[in-house]
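Text of input_12.txt, listed as compact mmCIF, C-alpha atoms:
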# COMPACT_ATOMS: atom_id res chain seq x y z
CA MET H 62 3.51 -8.54 13.70
CA THR H 63 1.04 -6.09 15.24
CA ILE H 64 -2.25 -5.04 13.68
CA LEU H 65 -0.71 -1.63 13.00
CA ASP H 66 2.08 -3.25 11.00
CA GLN H 67 -0.42 -5.26 8.98
CA ILE H 68 -2.34 -2.12 8.18
CA ALA H 69 0.78 -0.06 7.57
CA THR H 70 2.18 -2.23 4.76
CA PRO H 71 -0.73 -1.80 2.32
CA LEU H 72 -1.03 1.83 3.36
CA GLU H 73 2.61 2.30 2.53
CA GLY H 74 2.03 0.97 -0.99
CA LEU H 75 -1.02 3.19 -1.35
CA HIS H 76 0.98 6.20 -0.28
CA LEU H 77 3.70 5.44 -2.83
CA PHE H 78 1.08 5.09 -5.54
CA LEU H 79 -0.60 8.34 -4.55
CA THR H 80 2.75 10.12 -4.40
CA GLN H 81 3.61 9.02 -7.91
CA TRP H 82 0.14 9.92 -9.11
CA LEU H 83 0.45 13.35 -7.50
CA PHE H 84 3.79 13.96 -9.18
CA ARG H 85 2.25 13.06 -12.54
CA LEU H 86 -0.71 15.35 -11.84
CA ASP H 87 1.70 18.23 -11.17
CA GLU H 88 3.39 17.52 -14.47
CA ARG H 89 0.11 17.44 -16.41
CA ASP H 90 -1.07 20.69 -14.85
CA GLY H 91 2.24 22.38 -15.50
CA LEU H 92 2.67 22.96 -11.78
CA SER H 93 6.01 21.25 -11.45
CA GLY H 94 9.04 23.44 -10.94
CA PRO H 95 11.89 23.77 -13.40
CA GLU H 96 14.05 21.39 -11.38
CA ASN H 97 11.53 18.62 -11.83
CA GLU H 98 11.36 19.01 -15.58
CA THR H 99 14.94 17.99 -16.10
CA LEU H 100 15.96 14.48 -15.30
CA ASP H 101 18.85 14.29 -12.87
CA ASP H 102 21.61 11.73 -13.24
CA ASP H 103 20.10 9.51 -10.57
CA VAL H 104 16.79 9.37 -12.42
CA ASN H 105 18.62 8.30 -15.58
CA MET H 106 20.50 5.72 -13.60
CA PHE H 107 17.31 4.33 -12.10
CA LEU H 108 15.68 4.22 -15.54
CA SER H 109 18.70 2.28 -16.72
CA TYR H 110 18.18 -0.13 -13.84
CA GLN H 111 14.53 -0.38 -14.81
CA ASN H 112 15.74 -1.60 -18.20
CA GLY H 113 17.84 -4.33 -16.64
CA ASN H 114 21.15 -2.62 -15.86
CA ASN H 115 21.89 -3.91 -12.36
CA HIS H 116 25.19 -2.05 -12.27
CA ALA H 117 23.22 1.21 -12.20
CA TYR H 118 21.45 0.00 -9.07
CA ARG H 119 24.81 -0.67 -7.44
CA LEU H 120 25.99 2.83 -8.27
CA LEU H 121 22.83 4.32 -6.78
CA PHE H 122 23.33 2.21 -3.69
CA GLN H 123 26.92 3.38 -3.28
CA LYS H 124 25.90 7.00 -3.70
CA TRP H 125 22.94 7.01 -1.33
CA LYS H 126 23.79 4.50 1.39
CA LEU H 127 25.64 6.93 3.69
CA PRO H 128 23.10 9.78 3.35
CA LEU H 129 20.34 7.32 4.19
CA ILE H 130 22.19 5.76 7.12
CA SER H 131 22.89 9.28 8.43
CA PHE H 132 19.25 10.32 8.05
CA PHE H 133 17.99 7.24 9.86
CA TYR H 134 20.69 7.51 12.51
CA ARG H 135 19.68 11.06 13.41
CA SER H 136 15.99 10.06 13.30
CA LEU H 137 16.29 6.96 15.49
CA GLY H 138 19.53 7.53 17.38
CA ASN H 139 20.73 4.01 16.67
CA ARG H 140 23.16 2.92 14.03
CA GLU H 141 22.00 -0.68 13.73
CA ASP H 142 18.42 0.43 13.11
CA ALA H 143 19.69 3.01 10.64
CA GLU H 144 21.58 0.45 8.59
CA GLU H 145 18.70 -2.00 8.63
CA LEU H 146 16.26 0.62 7.36
CA THR H 147 18.72 1.70 4.67
CA LEU H 148 18.75 -1.84 3.30
CA ASP H 149 14.95 -1.86 3.50
CA VAL H 150 14.81 1.29 1.38
CA PHE H 151 16.80 -0.35 -1.39
CA LYS H 152 14.72 -3.51 -1.20
CA LYS H 153 11.59 -1.41 -1.55
CA LEU H 154 13.21 0.51 -4.40
CA HIS H 155 13.79 -2.79 -6.17
CA GLN H 156 10.17 -3.83 -5.60
CA VAL H 157 8.69 -0.64 -7.05
CA ARG H 158 11.15 -0.25 -9.93
CA ASP H 159 8.64 -1.21 -12.61
CA SER H 160 6.03 1.29 -11.44
CA TYR H 161 8.51 4.17 -11.13
CA ARG H 162 7.93 7.18 -13.41
CA PRO H 163 10.53 9.96 -13.64
CA THR H 164 8.32 12.88 -12.63
CA ALA H 165 10.35 14.29 -9.75
CA LYS H 166 13.85 14.34 -8.37
CA PHE H 167 15.18 10.91 -7.51
CA SER H 168 16.09 12.09 -4.01
CA SER H 169 12.46 13.07 -3.38
CA PHE H 170 11.32 9.62 -4.46
CA LEU H 171 14.03 7.94 -2.36
CA PHE H 172 13.29 9.89 0.81
CA THR H 173 9.54 9.42 0.39
CA ILE H 174 10.20 5.70 0.68
CA ALA H 175 12.64 6.31 3.52
CA ARG H 176 10.13 8.38 5.49
CA ARG H 177 7.38 5.76 5.12
CA LEU H 178 9.70 3.07 6.43
CA LEU H 179 10.78 5.37 9.24
CA LEU H 180 7.17 6.02 10.27
CA ASN H 181 6.50 2.28 10.29
CA ARG H 182 9.50 1.74 12.52
CA LEU H 183 8.45 4.51 14.90
CA ARG H 184 4.97 2.99 15.12
CA SER H 185 6.23 -0.52 15.72
CA ARG H 186 8.21 0.54 18.79
CA LYS H 187 11.01 -1.83 17.90
CA ARG H 188 13.56 0.88 18.35
CA LYS H 189 16.78 0.18 20.13
CA PRO H 190 18.32 2.44 22.82
CA LEU H 191 20.07 5.64 21.79
CA GLU H 192 23.61 5.08 20.64
CA ILE H 193 25.95 8.05 20.42
CA ILE H 194 28.45 7.98 17.58
CA GLN H 195 31.82 9.56 18.25
CA PRO H 196 32.26 12.90 16.42
CA ASP H 197 35.41 11.47 14.80
CA ASP H 198 33.23 8.97 12.95
CA LEU H 199 31.03 11.71 11.52
CA VAL H 200 31.59 14.20 8.74
CA TYR H 201 30.38 17.75 9.40
CA VAL H 202 29.84 20.24 6.64
CA ALA H 203 32.31 22.69 8.19
CA SER H 204 35.06 20.09 8.51
CA GLN H 205 34.35 18.87 4.97
CA SER H 206 34.92 22.28 3.42
CA ASN H 207 37.84 23.40 5.60
CA ASP H 208 39.38 19.99 6.16
CA GLU H 209 39.54 20.74 9.88
CA SER H 210 38.91 18.44 12.79
CA PRO H 211 35.29 18.57 13.94
CA THR H 212 34.47 21.30 16.40
CA VAL H 213 31.54 19.33 17.76
CA SER H 214 32.27 17.53 21.02
CA TYR H 215 30.98 14.18 22.23
CA ASP H 216 28.81 15.98 24.80
CA GLN H 217 27.22 18.04 22.07
CA GLU H 218 26.58 14.90 20.04
CA GLN H 219 24.95 13.36 23.09
CA SER H 220 22.79 16.43 23.65
CA ILE H 221 21.68 16.63 20.04
CA SER H 222 20.81 12.91 19.95
CA HIS H 223 18.68 13.13 23.09
CA SER H 224 17.01 16.35 21.92
CA LEU H 225 16.24 14.98 18.46
CA ALA H 226 14.66 11.95 20.10
CA LYS H 227 12.32 14.31 21.97
CA LEU H 228 11.46 16.32 18.85
CA GLU H 229 8.33 15.20 16.99
CA GLU H 230 8.90 13.46 13.67
CA LYS H 231 6.95 16.11 11.76
CA PHE H 232 9.60 18.65 12.86
CA ARG H 233 12.65 16.40 12.88
CA THR H 234 12.37 15.01 9.35
CA PRO H 235 12.12 18.36 7.51
CA LEU H 236 14.97 19.74 9.62
CA LEU H 237 17.22 16.81 8.75
CA LEU H 238 16.27 16.86 5.09
CA THR H 239 17.23 20.51 4.80
CA LEU H 240 20.34 20.64 7.03
CA GLN H 241 21.72 17.14 6.55
CA GLN H 242 20.59 16.31 3.03
CA GLY H 243 20.70 19.88 1.69
CA MET H 244 17.22 19.63 0.16
CA HIS H 245 15.15 22.56 -1.00
CA PRO H 246 11.86 23.19 0.89
CA ARG H 247 9.99 22.54 -2.37
CA ASP H 248 11.36 18.99 -2.55
CA ILE H 249 10.83 18.41 1.17
CA ALA H 250 7.22 19.53 0.74
CA LYS H 251 6.63 16.69 -1.71
CA ILE H 252 8.14 14.16 0.66
CA ILE H 253 6.08 15.18 3.68
CA GLY H 254 2.94 15.96 1.67
CA LYS H 255 2.63 19.66 2.46
CA SER H 256 2.82 22.92 0.52
CA GLU H 257 6.14 24.67 0.13
CA ASN H 258 5.03 27.56 2.36
CA SER H 259 3.82 25.22 5.09
CA THR H 260 7.15 23.44 4.91
CA ARG H 261 9.05 26.69 5.35
CA VAL H 262 6.95 27.53 8.42
CA LEU H 263 7.48 24.01 9.72
CA LEU H 264 11.25 24.34 9.31
CA HIS H 265 11.29 27.61 11.24
CA ARG H 266 9.24 26.13 14.06
CA ALA H 267 11.34 22.96 14.09
CA ARG H 268 14.54 24.88 14.57
CA ASN H 269 13.07 26.91 17.44
CA LYS H 270 11.63 23.82 19.12
CA LEU H 271 14.93 21.98 18.92
CA LYS H 272 16.80 24.94 20.39
CA LEU H 273 14.29 25.10 23.22
CA ILE H 274 14.70 21.39 23.98
CA LEU H 275 18.48 21.74 23.88
CA GLU H 276 18.42 24.68 26.26
CA GLU H 277 16.08 22.91 28.65
CA SER H 278 18.22 19.82 28.70
CA GLU H 279 21.42 21.75 29.54
CA MET W 46 24.45 27.52 27.30
CA LYS W 47 22.70 29.51 24.63
CA GLN W 48 26.11 30.47 23.28
CA LYS W 49 26.85 26.76 22.89
CA TRP W 50 23.84 26.18 20.63
CA ASN W 51 23.82 29.11 18.30
CA ASP W 52 22.55 28.64 14.76
CA ASP W 53 25.96 27.79 13.32
CA THR W 54 26.65 25.09 15.89
CA LEU W 55 23.21 23.63 15.43
CA ASP W 56 23.54 23.59 11.67
CA GLN W 57 26.97 22.04 11.84
CA THR W 58 25.87 19.31 14.23
CA LEU W 59 22.77 18.43 12.26
CA SER W 60 24.71 18.37 9.00
CA ALA W 61 26.73 15.41 10.21
CA THR W 62 26.80 12.28 8.11
CA VAL W 63 28.45 8.99 8.99
CA LYS W 64 31.90 8.43 7.51
CA ARG W 65 31.44 4.78 6.70
CA SER W 66 29.06 1.89 7.00
CA SER W 67 29.71 -1.10 9.25
CA ASP W 68 31.25 -4.34 7.98
CA GLU W 69 28.03 -6.20 8.78
CA PHE W 70 26.05 -3.73 6.70
CA ASP W 71 28.46 -4.09 3.78
CA GLN W 72 28.14 -7.88 3.88
CA ARG W 73 24.36 -7.79 3.99
CA ALA W 74 24.30 -5.19 1.24
CA GLU W 75 26.52 -7.34 -0.96
CA GLN W 76 24.16 -10.30 -0.46
CA MET W 77 21.21 -8.15 -1.40
CA LEU W 78 22.92 -6.72 -4.47
CA SER W 79 24.17 -10.14 -5.59
CA SER W 80 20.65 -11.50 -5.43
CA LEU W 81 19.74 -8.98 -8.14
CA SER W 82 22.67 -9.73 -10.43
CA PRO W 83 22.08 -11.34 -13.85
CA GLU W 84 24.16 -14.38 -12.82
CA ASN W 85 21.36 -15.41 -10.47
CA SER W 86 18.58 -15.07 -12.99
CA PRO W 87 17.17 -18.36 -14.36
CA LYS W 88 18.80 -19.35 -17.63
CA LEU W 89 17.30 -21.29 -20.48
CA GLY W 90 20.54 -21.94 -22.38
CA PHE W 91 22.87 -24.92 -22.29
CA ASN W 92 24.86 -23.39 -19.45
CA ASN W 93 22.17 -24.46 -17.01
CA ARG W 94 23.09 -28.10 -16.49
CA PRO W 95 20.13 -29.23 -14.32
CA LEU W 96 17.67 -27.74 -16.77
CA VAL W 97 19.34 -29.49 -19.71
CA ILE W 98 19.34 -32.87 -17.91
CA PHE W 99 15.71 -32.52 -16.89
CA SER W 100 14.67 -31.50 -20.39
CA GLY W 101 16.56 -34.46 -21.88
CA LEU W 102 14.91 -36.95 -19.53
CA ALA W 103 11.48 -35.50 -20.21
CA ALA W 104 12.03 -35.68 -23.97
CA ALA W 105 13.25 -39.29 -23.72
CA ALA W 106 10.22 -40.29 -21.64
CA ALA W 107 7.84 -38.61 -24.08
CA LEU W 108 9.51 -40.33 -27.05
CA THR W 109 9.32 -43.76 -25.35
CA LEU W 110 5.64 -43.29 -24.57
CA PHE W 111 4.92 -42.18 -28.14
CA LEU W 112 6.72 -45.17 -29.67
CA THR W 113 5.02 -47.65 -27.32
CA VAL W 114 1.52 -46.35 -28.07
CA THR W 115 2.21 -46.23 -31.80
CA PHE W 116 3.61 -49.79 -31.80
CA GLN W 117 0.63 -51.16 -29.91
CA GLN W 118 -1.77 -49.34 -32.23
CA ASN W 119 -0.01 -50.81 -35.25
CA MET W 120 -0.15 -54.30 -33.76
CA ARG W 121 -3.89 -53.97 -33.22
CA ASP W 122 -4.46 -52.57 -36.68
CA GLU W 123 -2.47 -55.31 -38.33
CA ALA W 124 -4.04 -58.23 -36.36
CA PRO W 125 -6.31 -60.55 -38.43
CA LEU W 126 -9.87 -59.27 -37.94
CA GLU W 127 -11.55 -62.60 -38.50
CA VAL W 128 -9.58 -64.44 -35.85
CA GLY W 129 -10.30 -61.82 -33.21
CA SER W 130 -13.99 -61.59 -34.07
CA ASP W 131 -14.43 -65.33 -34.10
CA LEU W 132 -12.80 -65.73 -30.73
CA VAL W 133 -14.96 -63.07 -29.16
CA PHE W 134 -18.07 -64.41 -30.80
CA GLU W 135 -17.45 -67.99 -29.71
CA THR W 136 -16.65 -66.93 -26.18
CA LEU W 137 -19.79 -64.86 -25.92
CA ILE W 138 -21.95 -67.65 -27.30
CA GLU W 139 -20.45 -70.10 -24.84
CA MET W 140 -21.07 -67.72 -22.00
CA ASP W 141 -24.61 -67.10 -23.26
CA ASP W 142 -25.34 -70.79 -23.30
CA ALA W 143 -23.78 -71.51 -19.95
CA LEU W 144 -25.07 -68.58 -17.96
CA LYS W 145 -28.72 -67.67 -17.96
CA PRO W 146 -30.15 -64.47 -16.38
CA GLY W 147 -30.43 -64.80 -12.60
CA VAL W 148 -28.72 -68.16 -12.65
CA GLY W 149 -25.06 -67.61 -13.48
CA LEU W 150 -22.33 -65.62 -11.91
CA LEU W 151 -22.88 -62.54 -14.08
CA THR W 152 -25.26 -59.85 -13.02
CA GLU W 153 -28.22 -58.93 -15.17
CA ASN W 154 -26.53 -55.79 -16.43
CA ASN W 155 -23.44 -57.67 -17.52
CA PHE W 156 -25.57 -60.30 -19.22
CA GLU W 157 -27.49 -57.64 -21.12
CA ALA W 158 -24.24 -56.12 -22.24
CA ILE W 159 -22.94 -59.44 -23.48
CA GLU W 160 -26.20 -60.04 -25.30
CA SER W 161 -25.97 -56.66 -26.95
CA ILE W 162 -22.42 -57.28 -28.11
CA SER W 163 -23.36 -60.70 -29.37
CA TRP W 164 -26.26 -59.27 -31.29
CA MET W 165 -24.03 -56.59 -32.83
CA ILE W 166 -21.45 -59.13 -33.88
CA GLU W 167 -24.06 -61.40 -35.31
CA ASN W 168 -25.62 -58.61 -37.34
CA SER W 169 -22.44 -56.92 -38.45
This structure in structure tokens:
Amino acid sequence: MTILDQIATPLEGLHLFLTQWLFRLDERDGLSGPENETLDDDVNMFLSYQNGNNHAYRLLFQKWKLPLISFFYRSLGNREDAEELTLDVFKKLHQVRDSYRPTAKFSSFLFTIARRLLLNRLRSRKRKPLEIIQPDDLVYVASQSNDESPTVSYDQEQSISHSLAKLEEKFRTPLLLTLQQGMHPRDIAKIIGKSENSTRVLLHRARNKLKLILEESE
Amino acid sequence: MKQKWNDDTLDQTLSATVKRSSDEFDQRAEQMLSSLSPENSPKLGFNNRPLVIFSGLAAAAALTLFLTVTFQQNMRDEAPLEVGSDLVFETLIEMDDALKPGVGLLTENNFEAIESISWMIENS
């Protein structure tokens, strides 16, 4: 374990604490949006788990495992790493269950944990080589809605994987959260610790940067 | 090339999610989830055989110790006081006569202690 790892673990806990504190502050000041004032089903499920219902935890796991694996896969370009980090997210979720307060969307809470673990992994340099998944093993939004075979080729998958690897994390994560996870910029802002407007600007710049990298690599 | 990566293509590619998790992941996940199930929580009821056996042995040992101490205490309480006192007194006197300070096998401290006890018995 490197010194950075040793420092990162307590910092990670501090960040989670501060995130929860911030969410509560928003609620006290009446700054939270209407979406945050209503508890989503996942929040209720996690509260049920907090009260000892382990079946609720299983349901949450089943619901969120593939989105998390997909997020980590696009972030790291390796499926094995992605699956390992997904398990780590749920272990961390179990550890912090008693301190959880339902003050924001569950997905925001979940991906805040996911991003912290991702940053730790990026710092530790334990990443494995890029591994390209065949398009047939992926579900694209277009093919989901039209039930058509994917129009994305293996070459395109290869290009996007290499280009995402070159894109900085501060651009890559918001882009994935919005396009892959379908999150609103307001929720992404909470995860990455920026204002909603800054997040929108970041998303615009991220898209342009990725296009530039893709064009340069062709 | 720019035609290849228009906004729609980019959005579609980045929207991709994996269809399924690997078998290894599923196995590890099941282990993790099972470790949180109520079946693996420590039980205090009679269904937990090792706990019941251990508790039974501990209770038996405690009861044995209690009965032994109580029995010995009763034996001491019920022993004739005169006989015990006389024996101690006679022994101490004999030792007092036989062993003088600095001469016998007992140290001075021990001799003083014996003298004190003898004096207490004599004056009780």
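Within 6 Å of chain W, counting all atoms listed in the file, chain H contributes H:Ser131, H:Asp198, H:Leu199, H:Val200, H:Tyr201, H:Val202, H:Leu240, H:Gln241.
Shortest separation to Phe232 (chain H) among H:Ser109, H:Ser214, H:Asn258, H:Ser136 occurs at residue H:Ser136, atoms counted being all atoms listed in the file.
For Leu154 (chain H), the residues within 8 Å (counting all atoms listed in the file, excluding itself and residues fewer than 4 positions away along the chain) are H:Val150, H:Arg158, H:Leu171, H:Ile174.
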Restricting to all atoms listed in the file, whichever of H:Lys227, H:His265, H:Lys255, H:Arg233 is closest to Glu277 (chain H) is H:Lys227
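Between CA of Ile274 (chain H) and CA of Glu229 (chain H) lies a distance of 11.3 Å.
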Could you add the missing atoms to region 153-164 of chain H, up to all heavy atoms, and return them as a PDB file, keeping the file's coordinate frame?
ATOM      1  N   LYS H 153      12.863  -1.990  -1.094  1.00  0.00           N
ATOM      2  CA  LYS H 153      11.590  -1.410  -1.550  1.00  0.00           C
ATOM      3  C   LYS H 153      11.767  -0.764  -2.937  1.00  0.00           C
ATOM      4  O   LYS H 153      10.911  -0.890  -3.811  1.00  0.00           O
ATOM      5  CB  LYS H 153      11.118  -0.376  -0.524  1.00  0.00           C
ATOM      6  CG  LYS H 153       9.811   0.306  -0.836  1.00  0.00           C
ATOM      7  CD  LYS H 153       8.654  -0.641  -0.912  1.00  0.00           C
ATOM      8  CE  LYS H 153       8.176  -1.114   0.438  1.00  0.00           C
ATOM      9  NZ  LYS H 153       7.022  -2.025   0.328  1.00  0.00           N
ATOM     10  N   LEU H 154      12.911  -0.130  -3.109  1.00  0.00           N
ATOM     11  CA  LEU H 154      13.210   0.510  -4.400  1.00  0.00           C
ATOM     12  C   LEU H 154      13.215  -0.544  -5.511  1.00  0.00           C
ATOM     13  O   LEU H 154      12.723  -0.304  -6.619  1.00  0.00           O
ATOM     14  CB  LEU H 154      14.591   1.167  -4.287  1.00  0.00           C
ATOM     15  CG  LEU H 154      14.903   2.358  -5.174  1.00  0.00           C
ATOM     16  CD1 LEU H 154      13.893   3.465  -4.971  1.00  0.00           C
ATOM     17  CD2 LEU H 154      16.299   2.882  -4.855  1.00  0.00           C
ATOM     18  N   HIS H 155      13.764  -1.695  -5.199  1.00  0.00           N
ATOM     19  CA  HIS H 155      13.790  -2.790  -6.170  1.00  0.00           C
ATOM     20  C   HIS H 155      12.374  -3.277  -6.475  1.00  0.00           C
ATOM     21  O   HIS H 155      12.035  -3.563  -7.623  1.00  0.00           O
ATOM     22  CB  HIS H 155      14.651  -3.927  -5.613  1.00  0.00           C
ATOM     23  CG  HIS H 155      14.604  -5.183  -6.420  1.00  0.00           C
ATOM     24  ND1 HIS H 155      15.122  -5.263  -7.696  1.00  0.00           N
ATOM     25  CD2 HIS H 155      14.069  -6.395  -6.140  1.00  0.00           C
ATOM     26  CE1 HIS H 155      14.914  -6.483  -8.162  1.00  0.00           C
ATOM     27  NE2 HIS H 155      14.278  -7.182  -7.252  1.00  0.00           N
ATOM     28  N   GLN H 156      11.545  -3.332  -5.423  1.00  0.00           N
ATOM     29  CA  GLN H 156      10.170  -3.830  -5.600  1.00  0.00           C
ATOM     30  C   GLN H 156       9.329  -2.907  -6.471  1.00  0.00           C
ATOM     31  O   GLN H 156       8.475  -3.370  -7.226  1.00  0.00           O
ATOM     32  CB  GLN H 156       9.493  -3.998  -4.232  1.00  0.00           C
ATOM     33  CG  GLN H 156      10.031  -5.169  -3.426  1.00  0.00           C
ATOM     34  CD  GLN H 156       9.517  -5.150  -1.994  1.00  0.00           C
ATOM     35  OE1 GLN H 156       8.708  -4.311  -1.608  1.00  0.00           O
ATOM     36  NE2 GLN H 156       9.995  -6.076  -1.183  1.00  0.00           N
ATOM     37  N   VAL H 157       9.558  -1.604  -6.334  1.00  0.00           N
ATOM     38  CA  VAL H 157       8.690  -0.640  -7.050  1.00  0.00           C
ATOM     39  C   VAL H 157       9.317  -0.154  -8.352  1.00  0.00           C
ATOM     40  O   VAL H 157       8.803   0.777  -8.964  1.00  0.00           O
ATOM     41  CB  VAL H 157       8.339   0.569  -6.150  1.00  0.00           C
ATOM     42  CG1 VAL H 157       7.646   0.134  -4.881  1.00  0.00           C
ATOM     43  CG2 VAL H 157       9.571   1.397  -5.818  1.00  0.00           C
ATOM     44  N   ARG H 158      10.412  -0.793  -8.774  1.00  0.00           N
ATOM     45  CA  ARG H 158      11.150  -0.250  -9.930  1.00  0.00           C
ATOM     46  C   ARG H 158      10.303  -0.202 -11.199  1.00  0.00           C
ATOM     47  O   ARG H 158      10.441   0.715 -12.006  1.00  0.00           O
ATOM     48  CB  ARG H 158      12.431  -1.050 -10.177  1.00  0.00           C
ATOM     49  CG  ARG H 158      12.211  -2.455 -10.714  1.00  0.00           C
ATOM     50  CD  ARG H 158      13.502  -3.248 -10.689  1.00  0.00           C
ATOM     51  NE  ARG H 158      13.347  -4.540 -11.303  1.00  0.00           N
ATOM     52  CZ  ARG H 158      12.716  -5.576 -10.726  1.00  0.00           C
ATOM     53  NH1 ARG H 158      12.164  -5.436  -9.535  1.00  0.00           N
ATOM     54  NH2 ARG H 158      12.627  -6.720 -11.342  1.00  0.00           N
ATOM     55  N   ASP H 159       9.418  -1.178 -11.373  1.00  0.00           N
ATOM     56  CA  ASP H 159       8.640  -1.210 -12.610  1.00  0.00           C
ATOM     57  C   ASP H 159       7.565  -0.133 -12.650  1.00  0.00           C
ATOM     58  O   ASP H 159       7.154   0.294 -13.724  1.00  0.00           O
ATOM     59  CB  ASP H 159       7.994  -2.595 -12.784  1.00  0.00           C
ATOM     60  CG  ASP H 159       9.043  -3.652 -13.067  1.00  0.00           C
ATOM     61  OD1 ASP H 159      10.098  -3.286 -13.623  1.00  0.00           O
ATOM     62  OD2 ASP H 159       8.829  -4.822 -12.721  1.00  0.00           O
ATOM     63  N   SER H 160       7.098   0.282 -11.472  1.00  0.00           N
ATOM     64  CA  SER H 160       6.030   1.290 -11.440  1.00  0.00           C
ATOM     65  C   SER H 160       6.585   2.708 -11.365  1.00  0.00           C
ATOM     66  O   SER H 160       5.827   3.673 -11.407  1.00  0.00           O
ATOM     67  CB  SER H 160       5.110   1.040 -10.247  1.00  0.00           C
ATOM     68  OG  SER H 160       5.857   1.093  -9.051  1.00  0.00           O
ATOM     69  N   TYR H 161       7.910   2.844 -11.260  1.00  0.00           N
ATOM     70  CA  TYR H 161       8.510   4.170 -11.130  1.00  0.00           C
ATOM     71  C   TYR H 161       8.380   4.969 -12.419  1.00  0.00           C
ATOM     72  O   TYR H 161       8.625   4.472 -13.506  1.00  0.00           O
ATOM     73  CB  TYR H 161       9.989   4.032 -10.758  1.00  0.00           C
ATOM     74  CG  TYR H 161      10.747   5.336 -10.767  1.00  0.00           C
ATOM     75  CD1 TYR H 161      10.572   6.271  -9.762  1.00  0.00           C
ATOM     76  CD2 TYR H 161      11.636   5.642 -11.804  1.00  0.00           C
ATOM     77  CE1 TYR H 161      11.256   7.474  -9.784  1.00  0.00           C
ATOM     78  CE2 TYR H 161      12.330   6.836 -11.820  1.00  0.00           C
ATOM     79  CZ  TYR H 161      12.135   7.747 -10.803  1.00  0.00           C
ATOM     80  OH  TYR H 161      12.810   8.942 -10.839  1.00  0.00           O
ATOM     81  N   ARG H 162       7.971   6.252 -12.270  1.00  0.00           N
ATOM     82  CA  ARG H 162       7.930   7.180 -13.410  1.00  0.00           C
ATOM     83  C   ARG H 162       8.761   8.405 -13.058  1.00  0.00           C
ATOM     84  O   ARG H 162       8.607   8.951 -11.966  1.00  0.00           O
ATOM     85  CB  ARG H 162       6.493   7.615 -13.709  1.00  0.00           C
ATOM     86  CG  ARG H 162       5.561   6.471 -14.095  1.00  0.00           C
ATOM     87  CD  ARG H 162       5.885   5.928 -15.491  1.00  0.00           C
ATOM     88  NE  ARG H 162       5.044   4.807 -15.830  1.00  0.00           N
ATOM     89  CZ  ARG H 162       5.315   3.534 -15.536  1.00  0.00           C
ATOM     90  NH1 ARG H 162       6.438   3.231 -14.886  1.00  0.00           N
ATOM     91  NH2 ARG H 162       4.500   2.568 -15.874  1.00  0.00           N
ATOM     92  N   PRO H 163       9.628   8.852 -13.965  1.00  0.00           N
ATOM     93  CA  PRO H 163      10.530   9.960 -13.640  1.00  0.00           C
ATOM     94  C   PRO H 163       9.818  11.322 -13.681  1.00  0.00           C
ATOM     95  O   PRO H 163       9.929  12.067 -14.649  1.00  0.00           O
ATOM     96  CB  PRO H 163      11.594   9.869 -14.739  1.00  0.00           C
ATOM     97  CG  PRO H 163      10.901   9.239 -15.879  1.00  0.00           C
ATOM     98  CD  PRO H 163       9.856   8.323 -15.316  1.00  0.00           C
ATOM     99  N   THR H 164       9.073  11.621 -12.657  1.00  0.00           N
ATOM    100  CA  THR H 164       8.320  12.880 -12.630  1.00  0.00           C
ATOM    101  C   THR H 164       8.809  13.832 -11.550  1.00  0.00           C
ATOM    102  O   THR H 164       8.266  14.909 -11.384  1.00  0.00           O
ATOM    103  CB  THR H 164       6.836  12.599 -12.407  1.00  0.00           C
ATOM    104  OG1 THR H 164       6.714  11.780 -11.248  1.00  0.00           O
ATOM    105  CG2 THR H 164       6.213  11.896 -13.598  1.00  0.00           C
TER     106      THR H 164
END
